[in-house]
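Visitor: My questions all concern the structure below.
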Amino acid sequence: MTFLHRHRWATPYLLLLPGIAWLAAFFVVPLGYLLYQSLQSGSILTGGYEFTWQFSNYWDAISTYDAQFLRSFLYAGIATTAALLISYPLVYWIAFRAGRWRNLALLVIVAPFFVTYLVRTLAWLNILADEGPVVGALRTLQVLDDDGRLLATTFAVVAGITYNFLPFMALPLYVSLEQLDPRLLEAAKDLYASPVHAFLRVTLPLSAPGIVAGTLLTFIPAAGDFINAALLGTPRQSMIGNVIQNRFLEQVDYPTAAALSFILMALILVALLVYARAVGTERLTG
Amino acid sequence: MRFVKRHALTAYALLAFAYLLLPIAVVIMFSFNAPEGRFNFVWQGFTLDNWWNWDAVPGIRHSLVTSLEVAVVSTIVATTLGTLIALAIVRHRFRGRGATNMLVFLPMSTPEIVLGASLLTLFLQSRVATGFLTIFIAHVMFVVSYIVVTVKARLIGFDRYLEEAAMDLGANEWTTFRKVTLPLLAPAILSAALLGFALSLDDFVITYFVSGSETTFPLFVWGAARVAVPPQVNVIASAIFVIAIVIMIVNVLWQYRGERRRAAEAAAA
């Protein structure tokens with residue numbers, strides 16, 4: 001204690017030490033190892049890998065798996081947009097119309113999180129099953145052919161991703177709408193703005209931070225996901241996460257898997273920067 | 001027409017709620033199914049057998065116990081480390097504060113598969129055998145950031161008068177922290193810990209990479225999904241869901257009561 005009294009400046013560093021040491025040892029250092037691994041060459045069959053500044057790993061990885069990268073970002077983009085479109089009106093209702101049902105409504109939004117991720121994804125297998133009610137109804141309505149199916153399609157994978165990450169979109173949106181001062185809307189109305197106009201000029205811009213946060217929180221895990229493609233799709237829907245998982249754990253091709261991981265991170269970073277530019281916000285780090 | 005216009009949004013909200021709850025209802029419903037073959041896809045008939053014999057499937061009990069053990073120890077450690085970081089960031093001005101914020105933010109914005117792959121690389125290169133210990137290490141790592149964010153949010157809107165009063169009355173820093181700061185922060189720390197526990201219990205991707213031959217409940221489900229998922233998986237998932245919802249509701253009611261009491265006190269004063 002006397003040490004602390006004499007060295008006031010040391011207090012924050014002592015508070016930080018254990019946690020930051022943990023993050024440094026098990027987040028920063030592993031990324032360094034992954035980088036090192038990504039520049040190795042060799043084969044597990046011929047005595048393992050050696051560090052050889054093998055930059056061609058990156059080029060090989062990109063040119064071999066460009067389709068999966070493209071698919072990941074496409075699926076993640078569609079799912080993020082769908083999550084935004086589905087959750088915005090819902091969250092708007094909770095923030096402005098739900099009244100005393102508000103807390104219950106929020107509980108429903110987070111409820112999917114309380115069912116194990118894999119199990120709630122598997123539930124879509126039941127719902128979209130070939131013998132299930134949804135496919136049956138769509139076949140009767142002739143939306144689907146008589147042997148048409150939903151499982152093992154791109155639709156199933158994107159729908160699974162949308163469902164799984166929707167709360168990540170809805171919660172920050174809710175926070176930004178809830179903080180919106182209703183007097184601003186009254187002012188807009190007094191100044192003869194139509195409801196549509198008031199929404200476009202007041203509500204929407206003021207909820208922008210929520211849209212930004214929600215988009216990031218949805219897009220990043222969606223782009224790296226491999227569970228939905230593995231459980232609800234086929235190899236034709238395989239995303240970059242599936243490739244990394246396969247290369248790393250099944251093919252034991254560590255350098256390729258490591259290079260793919262870094263490319264994924266870099267692409268996400270680029271997407272974030274482009275997005276931040278586009279929306280002109282500096283609130284990325286909350 | 002006016003009726004439609006007024007209630008369109010409410011109708012939409014109800015539909016959206018149905019969409020959010022549908023898979024949960026399916027999970028619970030199929031925990032009561034009596035499948036004829038190995039596949040639990042089509043409704044065959046109602047039974048309670050799966051609930052009575054929830055651990056009849058080899059390995060399922062062990063996986064659940066492992067998940068709970070990992071979640072308990074990693075939540076305790078991560079909550080402690082995270083709370084200390086949050087206190088340092090909010091309460092102190094120091095060199096490297098921005099970098100600290102960044103380091104806390106980064107793991108949350110890195111895809112889980114990259115976190116898992118990089119940790120496995122570390123363990124392989126340093127020849128650490130993967131298993132319970134490495135799962136624990138990984139879980140603390142990714143839970144810490146969420147703890148920091150949750151506790152920090154609460155600390156920012158926290159007035160320091162009570163602590164200053166305690167100091168004025170002669171309490172030293174440690175006593176003030178123990179008797180004033182910690183009790184005031186307890187609800188925030190508790191909800192952060194609950195979040196951390198839920199995240200740890202549900203994690204699949206990172207655990208999949210660093211688990212070695214150890215099996216947690218999500219890993220058990222993954223293994224089962226490759227063959228046929230037994231209804232007991234639905235039983236455990238339903239039970240976890242019900243417990244979590246009850247905790248959430250108790251938490252909400254507790255907050256209501258606190259708010260009402262504070263309002264009453266304010267009115268009395």
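Just so we're on the same page: first chain in the structure tokens is A, next is B, and so on; residues restart at 1 for each chain, and ligands are numbered from 1 in the order they show up.
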Pick out the chain B residues within 7 Å of chain A. Count only C-alpha atoms. Give them as number ranges by chain.
Guide: B: 9-10, 13, 16-17, 20, 23-24, 26-27, 41, 81-82, 84-85, 88, 92, 105, 109, 111, 113-114, 118-119, 121-122, 141, 202, 218, 221, 237, 241, 244
Visitor: What does the file look like for those residues with C-alpha atoms, as a compact mmCIF listing (two decimals), in the first residue's frame?
Guide:
# COMPACT_ATOMS: atom_id res chain seq x y z
CA LEU B 9 -46.33 -1.87 -37.70
CA THR B 10 -47.66 -3.81 -34.72
CA ALA B 13 -43.63 -6.70 -35.07
CA ALA B 16 -41.03 -10.70 -36.56
CA PHE B 17 -41.37 -12.04 -33.03
CA LEU B 20 -37.43 -15.06 -33.86
CA PRO B 23 -36.69 -22.11 -34.13
CA ILE B 24 -36.75 -22.01 -30.33
CA VAL B 26 -39.02 -26.19 -32.73
CA VAL B 27 -36.06 -27.05 -30.50
CA PHE B 41 -36.45 -34.43 -38.23
CA LEU B 81 -9.32 -9.29 -15.20
CA GLY B 82 -11.94 -7.38 -17.18
CA LEU B 84 -9.70 -4.29 -13.33
CA ILE B 85 -9.11 -3.14 -16.91
CA ALA B 88 -8.11 1.53 -15.04
CA HIS B 92 -7.28 6.89 -14.67
CA PHE B 105 -11.67 -3.87 -28.92
CA SER B 109 -13.79 -7.51 -34.11
CA PRO B 111 -13.51 -13.38 -36.75
CA ILE B 113 -12.14 -18.64 -36.77
CA VAL B 114 -9.00 -16.47 -36.88
CA SER B 118 -4.03 -18.43 -34.22
CA LEU B 119 -4.36 -19.93 -30.72
CA THR B 121 -0.86 -22.31 -33.97
CA LEU B 122 0.56 -20.97 -30.71
CA MET B 141 -9.19 -14.39 -23.76
CA ASP B 202 -22.20 -21.35 -26.21
CA PRO B 218 -21.41 -27.56 -28.55
CA VAL B 221 -23.65 -31.39 -30.95
CA ALA B 237 -30.63 -26.97 -25.15
CA PHE B 241 -32.81 -21.87 -22.56
CA ALA B 244 -31.36 -18.48 -18.93
Visitor: Fewer than 2 positions away in the same chain doesn't count, so skip those; otherwise give me all residues within 9 Å of range 56-60 of chain A, counting only C-alpha atoms, as a ChimeraX atom specification.
Guide: /A:38-41,53-54,62-65,255-256,259-260,262-263
Visitor: Using only C-alpha atoms, which protein or nucleic acid residues come within 7 Å of range 34-40 of chain B? Drop anything in the same chain fewer than 3 positions from it, and give the result as JSON, numbers by chain.
Guide: {"B": [44, 45, 46, 47, 228, 229, 230, 231]}
Visitor: Mind checking which residues fall within 12 Å of Leu177 in chain A, counting only C-alpha atoms, ignoring those fewer than 6 positions away in the same chain, and posting them as a PyMOL selection string?
Guide: chain A and resi 88-97+170-171+185+199+202-211
Visitor: Please indicate the distance in Å from CA of Phe177 in chain B to CA of Phe197 in chain B, rounded to one decimal place.
Guide: 25.0 Å
Visitor: Per DSSP on the backbone, filter range 13-127 of chain A down to the residues in alpha helix (DSSP H) and report them as JSON, numbers by chain.
Guide: {"A": [13, 14, 15, 16, 17, 18, 19, 20, 21, 22, 23, 29, 30, 31, 32, 33, 34, 35, 36, 37, 38, 56, 57, 58, 59, 60, 61, 62, 63, 64, 66, 67, 68, 69, 70, 71, 72, 73, 74, 75, 76, 77, 78, 79, 80, 81, 82, 83, 84, 85, 86, 87, 88, 89, 90, 91, 92, 93, 94, 95, 96, 102, 103, 104, 105, 106, 107, 108, 109, 110, 117, 118, 119, 120, 121, 122, 123, 124, 125, 126, 127]}
Visitor: Store the residues picked out above, limited to C-alpha atoms, as an mmCIF file, in the first residue's frame.
Guide:
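So the final result, stored in again_29.cif, reads:
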data_model
loop_
_atom_site.group_PDB
_atom_site.id
_atom_site.type_symbol
_atom_site.label_atom_id
_atom_site.label_comp_id
_atom_site.auth_asym_id
_atom_site.auth_seq_id
_atom_site.Cartn_x
_atom_site.Cartn_y
_atom_site.Cartn_z
ATOM 1 C CA TYR A 13 -0.744 -0.092 -14.843
ATOM 2 C CA LEU A 14 -1.098 -2.508 -11.946
ATOM 3 C CA LEU A 15 -4.836 -2.743 -12.618
ATOM 4 C CA LEU A 16 -4.192 -3.423 -16.297
ATOM 5 C CA LEU A 17 -1.306 -5.815 -15.896
ATOM 6 C CA PRO A 18 -3.028 -9.212 -15.538
ATOM 7 C CA GLY A 19 -5.714 -8.652 -18.161
ATOM 8 C CA ILE A 20 -3.488 -7.020 -20.716
ATOM 9 C CA ALA A 21 -0.822 -9.674 -20.180
ATOM 10 C CA TRP A 22 -3.471 -12.321 -20.932
ATOM 11 C CA LEU A 23 -4.590 -10.548 -24.101
ATOM 12 C CA VAL A 29 1.361 -13.391 -29.719
ATOM 13 C CA PRO A 30 -0.785 -16.077 -31.439
ATOM 14 C CA LEU A 31 -1.425 -13.675 -34.324
ATOM 15 C CA GLY A 32 2.356 -13.317 -34.621
ATOM 16 C CA TYR A 33 2.709 -17.104 -34.724
ATOM 17 C CA LEU A 34 -0.026 -17.302 -37.333
ATOM 18 C CA LEU A 35 1.820 -14.770 -39.481
ATOM 19 C CA TYR A 36 5.034 -16.781 -39.107
ATOM 20 C CA GLN A 37 3.169 -19.964 -40.002
ATOM 21 C CA SER A 38 1.633 -18.360 -43.080
ATOM 22 C CA SER A 56 3.496 -17.201 -52.654
ATOM 23 C CA ASN A 57 1.246 -18.909 -50.055
ATOM 24 C CA TYR A 58 -0.864 -15.780 -50.094
ATOM 25 C CA TRP A 59 -1.124 -15.616 -53.832
ATOM 26 C CA ASP A 60 -1.867 -19.336 -54.094
ATOM 27 C CA ALA A 61 -4.514 -19.091 -51.388
ATOM 28 C CA ILE A 62 -6.271 -16.168 -53.061
ATOM 29 C CA SER A 63 -6.191 -17.602 -56.550
ATOM 30 C CA THR A 64 -7.354 -21.050 -55.387
ATOM 31 C CA ASP A 66 -11.282 -16.632 -54.762
ATOM 32 C CA ALA A 67 -14.770 -18.085 -55.248
ATOM 33 C CA GLN A 68 -15.115 -18.848 -51.532
ATOM 34 C CA PHE A 69 -13.904 -15.385 -50.544
ATOM 35 C CA LEU A 70 -16.357 -13.784 -52.912
ATOM 36 C CA ARG A 71 -19.157 -16.009 -51.642
ATOM 37 C CA SER A 72 -18.378 -15.223 -47.991
ATOM 38 C CA PHE A 73 -18.558 -11.495 -48.535
ATOM 39 C CA LEU A 74 -21.618 -11.798 -50.730
ATOM 40 C CA TYR A 75 -23.497 -13.976 -48.220
ATOM 41 C CA ALA A 76 -22.409 -11.788 -45.313
ATOM 42 C CA GLY A 77 -23.473 -8.670 -47.200
ATOM 43 C CA ILE A 78 -26.910 -10.051 -48.081
ATOM 44 C CA ALA A 79 -27.449 -11.385 -44.559
ATOM 45 C CA THR A 80 -26.421 -8.055 -43.000
ATOM 46 C CA THR A 81 -28.782 -6.137 -45.288
ATOM 47 C CA ALA A 82 -31.606 -8.576 -44.574
ATOM 48 C CA ALA A 83 -30.988 -8.331 -40.830
ATOM 49 C CA LEU A 84 -31.107 -4.533 -41.059
ATOM 50 C CA LEU A 85 -34.343 -4.524 -43.063
ATOM 51 C CA ILE A 86 -36.009 -7.069 -40.785
ATOM 52 C CA SER A 87 -34.930 -5.536 -37.496
ATOM 53 C CA TYR A 88 -35.320 -1.801 -38.184
ATOM 54 C CA PRO A 89 -39.152 -1.689 -38.200
ATOM 55 C CA LEU A 90 -39.243 -4.144 -35.323
ATOM 56 C CA VAL A 91 -36.871 -2.121 -33.185
ATOM 57 C CA TYR A 92 -38.712 1.078 -34.169
ATOM 58 C CA TRP A 93 -41.907 -0.488 -32.850
ATOM 59 C CA ILE A 94 -40.198 -1.484 -29.591
ATOM 60 C CA ALA A 95 -38.683 1.962 -29.060
ATOM 61 C CA PHE A 96 -41.815 4.022 -29.847
ATOM 62 C CA ARG A 102 -40.805 -3.036 -24.106
ATOM 63 C CA ASN A 103 -38.725 -5.213 -21.786
ATOM 64 C CA LEU A 104 -40.540 -8.352 -22.842
ATOM 65 C CA ALA A 105 -39.982 -7.451 -26.495
ATOM 66 C CA LEU A 106 -36.258 -6.975 -25.874
ATOM 67 C CA LEU A 107 -36.166 -10.332 -24.147
ATOM 68 C CA VAL A 108 -37.647 -11.932 -27.282
ATOM 69 C CA ILE A 109 -34.942 -10.300 -29.403
ATOM 70 C CA VAL A 110 -32.127 -11.800 -27.348
ATOM 71 C CA TYR A 117 -25.787 -21.689 -31.566
ATOM 72 C CA LEU A 118 -25.458 -25.095 -33.210
ATOM 73 C CA VAL A 119 -28.823 -26.286 -31.919
ATOM 74 C CA ARG A 120 -30.711 -23.243 -33.149
ATOM 75 C CA THR A 121 -29.057 -23.655 -36.547
ATOM 76 C CA LEU A 122 -30.076 -27.307 -36.565
ATOM 77 C CA ALA A 123 -33.661 -26.226 -35.811
ATOM 78 C CA TRP A 124 -33.732 -24.715 -39.310
ATOM 79 C CA LEU A 125 -33.056 -28.240 -40.605
ATOM 80 C CA ASN A 126 -36.385 -29.256 -39.090
ATOM 81 C CA ILE A 127 -38.182 -26.168 -40.374
#
Visitor: Show which residues sit within 9 Å of range 250-255 of chain B, as a list in words. Count only C-alpha atoms, and ignore same-chain residues fewer than 4 positions away.
Guide: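 So the residues in contact are Asn103 of chain A; Ser191, Ile245, Val246, Glu259 and Arg260 of chain B.
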Visitor: From a DSSP pass on the backbone, collect the residues of range 40-242 of chain A flagged as strand (DSSP E) and hand them back as a VMD selection string.
Guide: chain A and resid 40 to 43 48 to 51
Visitor: Give me, as a list in words, all polymer residues having an atom no more than 10 Å from Phe142 in chain B, counting only C-alpha atoms and skipping those fewer than 4 positions away in the same chain.
Guide: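 My reading of the contact set: Leu23, Phe26 and Phe27 of chain A; Ser74, Ala78, Val104, Pro107, Met108, Glu112, Leu115, Ile137, Ala138, Tyr146, Ile147, Gly196, Leu199, Ser200, Asp203 and Ile206 of chain B.
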Visitor: I'd like to know which of A:Leu180, A:Ala193, A:Leu173, A:Ala271 is closest to Val212 in chain A, using only C-alpha atoms.
Guide: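 Closest to Val212 in chain A of all the choices is A:Leu173.
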Visitor: Using only C-alpha atoms for the distances, tell me which of A:Met169, A:Val196, A:Leu273, A:Ala229 is nearest to Val157 in chain A.
Guide: A:Ala229
Visitor: Could you work out how far CA of Phe30 in chain B lies from CA of Ser238 in chain B, giving the answer in Å with one decimal?
Guide: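 CA of Ser238 in chain B sits 9.8 Å away from CA of Phe30 in chain B.
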Visitor: Please determine, counting only C-alpha atoms, which residue among B:Arg6, B:Arg91, B:His139, B:Arg257 has the shortest atom-to-atom distance to Val205 in chain B.
Guide: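 Between B:Arg6, B:Arg91, B:His139, B:Arg257, the residue approaching Val205 in chain B most closely is B:His139.
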